[in-house]
Every structure is written in C-alpha cells, then in structure tokens.
file work.cif (mmCIF, C-alpha atoms)
data_structure
loop_
_atom_site.label_atom_id
_atom_site.label_comp_id
_atom_site.auth_asym_id
_atom_site.auth_seq_id
_atom_site.Cartn_x
_atom_site.Cartn_y
_atom_site.Cartn_z
CA MET A 1465 -71.81 -43.82 37.64
CA LEU A 1466 -75.09 -43.16 35.87
CA GLY A 1467 -75.40 -39.82 37.69
CA VAL A 1468 -71.94 -38.75 36.53
CA LEU A 1469 -72.79 -39.70 32.93
CA ALA A 1470 -76.02 -37.68 33.09
CA LEU A 1471 -74.07 -34.73 34.47
CA LEU A 1472 -71.56 -34.91 31.61
CA LEU A 1473 -74.31 -35.05 29.02
CA ALA A 1474 -76.18 -32.12 30.58
CA GLY A 1475 -73.25 -29.72 30.29
CA CYS A 1476 -69.79 -29.12 31.58
CA THR A 1477 -67.46 -26.38 32.66
CA ALA A 1478 -63.79 -25.90 32.92
CA GLN A 1479 -63.39 -25.23 36.61
CA THR A 1480 -61.23 -22.39 37.74
CA PRO A 1481 -59.88 -22.95 41.26
CA GLY A 1482 -61.61 -20.72 43.78
CA LEU A 1483 -64.48 -19.72 41.47
CA LEU A 1484 -66.61 -22.82 41.82
CA SER A 1485 -67.26 -24.15 45.30
CA SER A 1486 -67.77 -27.82 44.54
CA SER A 1487 -68.81 -30.25 41.86
CA PRO A 1488 -69.89 -33.89 41.88
CA SER A 1489 -67.30 -34.72 39.22
CA PRO A 1490 -63.84 -33.09 38.95
CA GLY A 1491 -63.67 -30.71 36.01
CA TYR A 1492 -67.40 -30.59 35.24
CA LEU A 1493 -70.42 -28.65 36.45
CA SER A 1494 -73.90 -29.17 35.09
CA ALA A 1495 -75.28 -26.50 32.80
CA ASP A 1496 -79.02 -26.00 32.82
CA GLU A 1497 -79.73 -25.36 29.13
CA THR A 1498 -81.40 -22.06 29.95
CA VAL A 1499 -82.39 -19.91 26.98
CA ARG A 1500 -82.79 -16.23 27.76
CA GLU A 1501 -83.68 -13.36 25.43
CA ILE A 1502 -83.13 -9.80 26.58
CA PRO A 1503 -85.42 -7.11 25.13
CA ALA A 1504 -83.50 -4.30 23.42
CA ASP A 1505 -84.59 -1.72 25.98
CA ARG A 1506 -83.24 -3.85 28.85
CA ARG A 1507 -79.79 -4.69 27.52
CA ASP A 1508 -76.66 -3.66 29.38
CA ASP A 1509 -73.71 -1.80 27.92
CA PRO A 1510 -71.79 -3.37 25.03
CA VAL A 1511 -69.36 -6.17 25.82
CA THR A 1512 -65.93 -5.62 24.31
CA PHE A 1513 -63.16 -8.18 24.23
CA THR A 1514 -59.97 -9.07 22.45
CA GLY A 1515 -57.78 -12.12 22.25
CA THR A 1516 -55.48 -14.27 20.19
CA THR A 1517 -57.12 -16.91 18.03
CA ASP A 1518 -56.02 -20.49 17.55
CA THR A 1519 -54.34 -19.38 14.30
CA GLY A 1520 -52.36 -16.65 16.08
CA GLU A 1521 -54.42 -13.74 14.74
CA GLN A 1522 -55.83 -10.97 16.93
CA ALA A 1523 -59.61 -10.83 17.38
CA ASP A 1524 -61.23 -7.59 18.53
CA SER A 1525 -64.99 -7.33 19.08
CA THR A 1526 -65.00 -3.61 18.26
CA VAL A 1527 -64.17 -4.51 14.65
CA TRP A 1528 -67.54 -6.28 14.42
CA ALA A 1529 -69.59 -3.21 15.41
CA GLY A 1530 -72.67 -3.16 13.22
CA SER A 1531 -72.79 -6.96 12.97
CA VAL A 1532 -74.68 -9.53 14.99
CA VAL A 1533 -72.08 -11.67 16.79
CA VAL A 1534 -72.48 -15.22 18.13
CA VAL A 1535 -69.97 -16.10 20.86
CA ASN A 1536 -69.62 -19.76 21.87
CA PHE A 1537 -67.60 -20.77 24.96
CA TRP A 1538 -66.25 -24.31 24.58
CA TYR A 1539 -63.41 -26.80 24.97
CA ALA A 1540 -62.58 -29.99 23.10
CA ALA A 1541 -63.26 -32.67 25.75
CA CYS A 1542 -66.69 -31.25 26.67
CA PRO A 1543 -69.33 -33.74 25.40
CA PRO A 1544 -72.07 -31.12 24.81
CA CYS A 1545 -69.54 -28.94 22.96
CA ARG A 1546 -68.81 -31.84 20.65
CA ALA A 1547 -72.51 -32.53 20.14
CA GLU A 1548 -73.39 -28.94 19.21
CA ALA A 1549 -70.35 -28.26 17.00
CA PRO A 1550 -72.02 -29.37 13.73
CA ASP A 1551 -75.05 -27.14 14.45
CA LEU A 1552 -72.87 -24.12 15.20
CA GLU A 1553 -70.90 -24.61 11.98
CA ALA A 1554 -74.08 -25.07 9.92
CA LEU A 1555 -75.51 -21.87 11.38
CA ALA A 1556 -72.26 -19.99 10.78
CA GLN A 1557 -72.48 -20.97 7.12
CA THR A 1558 -76.20 -20.14 6.91
CA TYR A 1559 -75.80 -16.67 8.42
CA GLN A 1560 -72.50 -15.72 6.78
CA PRO A 1561 -74.30 -13.94 3.89
CA ASP A 1562 -76.16 -11.84 6.50
CA GLY A 1563 -72.87 -10.68 8.01
CA VAL A 1564 -73.34 -12.58 11.29
CA VAL A 1565 -69.96 -13.17 12.94
CA PHE A 1566 -69.32 -16.43 14.80
CA ILE A 1567 -66.43 -16.59 17.26
CA GLY A 1568 -65.49 -19.41 19.59
CA VAL A 1569 -63.86 -18.89 22.96
CA ASN A 1570 -61.82 -21.90 24.04
CA VAL A 1571 -61.60 -21.89 27.84
CA ARG A 1572 -59.30 -24.84 28.43
CA ASP A 1573 -57.23 -26.13 25.49
CA SER A 1574 -53.99 -25.37 23.69
CA ALA A 1575 -54.16 -24.02 20.16
CA ASP A 1576 -53.16 -27.45 18.78
CA THR A 1577 -56.00 -29.19 20.64
CA ALA A 1578 -58.47 -26.55 19.48
CA ALA A 1579 -57.29 -26.93 15.88
CA ALA A 1580 -57.70 -30.72 16.05
CA PHE A 1581 -61.28 -30.27 17.31
CA GLU A 1582 -62.04 -27.73 14.58
CA ASN A 1583 -60.62 -30.04 11.91
CA GLN A 1584 -62.60 -33.00 13.23
CA PHE A 1585 -65.88 -31.08 13.17
CA GLY A 1586 -65.19 -28.88 10.13
CA ILE A 1587 -65.38 -25.63 12.10
CA THR A 1588 -64.45 -22.70 9.86
CA TYR A 1589 -64.87 -19.76 12.25
CA PRO A 1590 -62.00 -18.81 14.59
CA SER A 1591 -61.73 -19.33 18.33
CA ILE A 1592 -60.03 -17.08 20.83
CA MET A 1593 -57.70 -19.04 23.11
CA ASP A 1594 -58.77 -17.86 26.58
CA ALA A 1595 -57.47 -20.66 28.83
CA THR A 1596 -54.42 -18.83 30.14
CA THR A 1597 -55.70 -15.26 30.15
CA GLY A 1598 -59.42 -15.53 30.93
CA THR A 1599 -59.90 -12.04 29.51
CA VAL A 1600 -62.89 -12.88 27.34
CA GLN A 1601 -64.59 -14.70 30.20
CA ALA A 1602 -63.89 -11.68 32.42
CA ALA A 1603 -65.47 -9.36 29.82
CA PHE A 1604 -68.75 -11.25 30.18
CA ALA A 1605 -68.61 -11.49 34.00
CA GLY A 1606 -71.79 -10.15 35.53
CA LYS A 1607 -73.62 -10.35 32.20
CA ALA A 1608 -73.50 -14.09 31.57
CA ALA A 1609 -72.02 -17.21 33.07
CA PRO A 1610 -69.46 -18.18 30.44
CA GLY A 1611 -67.87 -20.52 32.99
CA ALA A 1612 -70.78 -22.88 32.24
CA VAL A 1613 -69.51 -24.59 29.13
CA PRO A 1614 -70.93 -24.60 26.58
CA THR A 1615 -72.51 -21.18 26.69
CA THR A 1616 -73.62 -19.41 23.53
CA ILE A 1617 -74.29 -15.67 23.51
CA VAL A 1618 -75.82 -13.51 20.77
CA LEU A 1619 -74.65 -9.89 20.73
CA ASP A 1620 -76.67 -7.24 18.92
CA ARG A 1621 -75.19 -4.84 16.38
CA THR A 1622 -73.94 -2.55 19.17
CA GLY A 1623 -72.26 -5.40 21.08
CA ARG A 1624 -74.91 -5.73 23.79
CA MET A 1625 -75.95 -9.19 24.99
CA ALA A 1626 -79.30 -9.95 23.35
CA ALA A 1627 -79.61 -13.68 24.09
CA ARG A 1628 -77.86 -16.47 25.97
CA ILE A 1629 -78.03 -20.25 25.99
CA ILE A 1630 -76.40 -22.01 28.93
CA GLY A 1631 -75.61 -25.60 28.03
CA GLN A 1632 -75.85 -27.43 24.74
CA LEU A 1633 -78.01 -25.82 22.07
CA PRO A 1634 -81.48 -27.31 22.55
CA THR A 1635 -81.88 -27.35 18.76
CA ARG A 1636 -80.32 -25.64 15.78
CA THR A 1637 -83.58 -23.78 15.24
CA THR A 1638 -83.45 -22.33 18.77
CA LEU A 1639 -80.25 -20.44 18.05
CA ALA A 1640 -81.46 -19.57 14.54
CA ALA A 1641 -84.59 -17.97 16.03
CA LEU A 1642 -82.47 -15.91 18.46
CA ILE A 1643 -80.22 -14.74 15.62
CA ASP A 1644 -83.24 -13.92 13.42
CA THR A 1645 -84.78 -11.80 16.18
CA VAL A 1646 -81.61 -9.72 16.55
CA LEU A 1647 -81.11 -9.45 12.79
CA ALA A 1648 -84.64 -8.06 12.47
CA GLU A 1649 -83.98 -5.25 14.93
CA THR A 1650 -83.70 -1.87 13.27
CA SER A 1651 -82.36 0.23 16.13
CA PRO A 1652 -80.45 -0.43 19.35
#
call {"tool": "encode", "arguments": {"input": "work.cif", "output": "structure tokens"}}
result
Amino acid sequence: MLGVLALLLAGCTAQTPGLLSSSPSPGYLSADETVREIPADRRDDPVTFTGTTDTGEQADSTVWAGSVVVVNFWYAACPPCRAEAPDLEALAQTYQPDGVVFIGVNVRDSADTAAAFENQFGITYPSIMDATTGTVQAAFAGKAAPGAVPTTIVLDRTGRMAARIIGQLPTRTTLAALIDTVLAETSP
C-alpha cells in the first residue's frame, strides 16, 4: 500500500489502452520529475495544436505566435496536478503582464469536472478538453511525453518546445526560471 501511495504522489498518467504496457496501479504511471531545457539552436519545429476549451471556445496555438506559451497536461483526480495547481495559477498571474500564455490540456475529464477543479483552485486560464480526441497529445508526440501527467511544457515565441517538466513542478521558481530564460531570448 505504501508503494502505491508513493507512486501516486510521484506523478500519474491517464492510461490509454495499448500505449502503456503495464503499471503497478491501474490508471497511474509514475512521472520522474525531469526538468529539461532545450537550447534555442537545438529545438525542433514549432508545435501547433487546436482544441475546444472547457468553456466551449476554440483554442489555436497559432494565435499565440510571438508569445511564450506554457502548456500543462493534467486531470482533476491526479494528486500532483492538484498540488501544483496553485503554483501554476500564481505564475499565470505573475507573467500575464509579460504576455505569457498559459493553457491547460485536460487528458481525462469532462468539461464539468474540469470546471469544478478550476473553481476549487481558482484557475483563471483555459484548458483544452483532450480526453476524447487526443489531438493535443498527438501534436506533442515525439517531442515530449504528455501522457505522463502532469507534464508542463514551455514553448518559445515561435512555438518550439524550449523546456519540459515531467511530473509535479519541483518548485514554483523552477518553472519561473524556465519562463524567464525563454522571455529573455531575442531571436529564435
């Protein structure tokens, strides 16, 4: 039992049948809290994605060209997602004046469940509902492992993946430092 609890606290994923071979606990897979920065000259092509948000609006990453974008993959019953929610919201508020866009990607829940989570934690940025389509997760395939939930990705002003955190944010300042690095970049 203690091992299962440790696994839940380390990170979790919404399992998609056939994509994950096995897991010690149904519905969860440990995330390793890996932080990775990618130098500007080693970044892949831009990641583009669209989807419907929990409020029914369309989100399109191409609209955010020229902005730093923080993408957080999550779902409501994920303990690390719940733990990091206040930090993500605080950072969204802190970086709003700098034009940084925060977008959630809910990989498991209905819009009502996502809205309840957002109300509980005071989340003001939108989330794309990706549980039934998987299109946002597919857009990041080969570039990141968004199936490890939570995963937080920082995209540079051209939409290229500049940093990734697999698992719960180690600290609020860790993500802030990654955002600051990308904000300070002057050219792609």
call {"tool": "closest_residue", "arguments": {"input": "work.cif", "among": "A:Thr1645, A:Thr1516, A:Ser1591, A:Thr1577", "to": "Ala1626 in chain A", "atoms": "all atoms listed in the file"}}
result
A:Thr1645
call {"tool": "residues_near_point", "arguments": {"input": "work.cif", "point": "(-76.6, -27.4, 23.7)", "cutoff": "9 Å", "atoms": "only C-alpha atoms", "output": "number ranges by chain"}}
result
A: 1474-1475, 1497, 1544-1545, 1547-1548, 1614-1616, 1629-1636
call {"tool": "resolve_selection", "arguments": {"input": "work.cif", "expression": "the PyMOL selection byres ((chain A and resi 1588) around 10)", "output": "list in words"}}
result
Glu1553, Ala1554, Ala1556, Gln1557, Phe1566, Ile1567, Glu1582, Asn1583, Phe1585, Gly1586, Ile1587, Tyr1589, Pro1590 and Ser1591 of chain A
call {"tool": "closest_residue", "arguments": {"input": "work.cif", "among": "A:Thr1514, A:Ser1525, A:Ser1531, A:Thr1622", "to": "Asp1594 in chain A", "atoms": "all atoms listed in the file"}}
result
A:Thr1514
call {"tool": "atom_distance", "arguments": {"input": "work.cif", "atom1": "CA of Thr1596 in chain A", "atom2": "CA of Gly1515 in chain A"}}
result
10.9 Å
call {"tool": "resolve_selection", "arguments": {"input": "work.cif", "expression": "the PyMOL selection byres ((chain A and resi 1627) around 6)", "output": "ChimeraX atom specification"}}
result
/A:1500-1502,1617-1618,1625-1626,1628
call {"tool": "closest_residue", "arguments": {"input": "work.cif", "among": "A:Arg1546, A:Leu1642, A:Gly1520, A:Phe1513", "to": "Val1600 in chain A", "atoms": "all atoms listed in the file"}}
result
A:Phe1513
call {"tool": "residues_near_point", "arguments": {"input": "work.cif", "point": "(-68.1, -13.5, 22.2)", "cutoff": "7 Å", "atoms": "only C-alpha atoms", "output": "list in words"}}
result
Val1533, Val1534, Val1535, Asn1536, Ile1567, Gly1568, Val1569 and Ile1617 of chain A
call {"tool": "closest_residue", "arguments": {"input": "work.cif", "among": "A:Ala1602, A:Val1511, A:Val1499, A:Leu1552", "to": "Thr1526 in chain A", "atoms": "all atoms listed in the file"}}
result
A:Val1511
call {"tool": "residues_around", "arguments": {"input": "work.cif", "residues": "Asp1644 in chain A", "least_positions_apart": "4", "cutoff": "12 Å", "atoms": "only C-alpha atoms", "output": "JSON, numbers by chain"}}
result
{"A": [1532, 1533, 1534, 1555, 1558, 1559, 1562, 1564, 1618, 1619, 1620, 1626, 1627, 1637, 1638, 1639, 1640, 1648, 1649]}
call {"tool": "atom_distance", "arguments": {"input": "work.cif", "atom1": "CA of Tyr1539 in chain A", "atom2": "CA of Met1593 in chain A"}}
result
9.8 Å
call {"tool": "atom_distance", "arguments": {"input": "work.cif", "atom1": "CA of Gly1530 in chain A", "atom2": "CA of Val1571 in chain A"}}
result
26.2 Å
call {"tool": "closest_residue", "arguments": {"input": "work.cif", "among": "A:Arg1624, A:Val1527, A:Ala1578, A:Leu1647", "to": "Lys1607 in chain A", "atoms": "all atoms listed in the file"}}
result
A:Arg1624
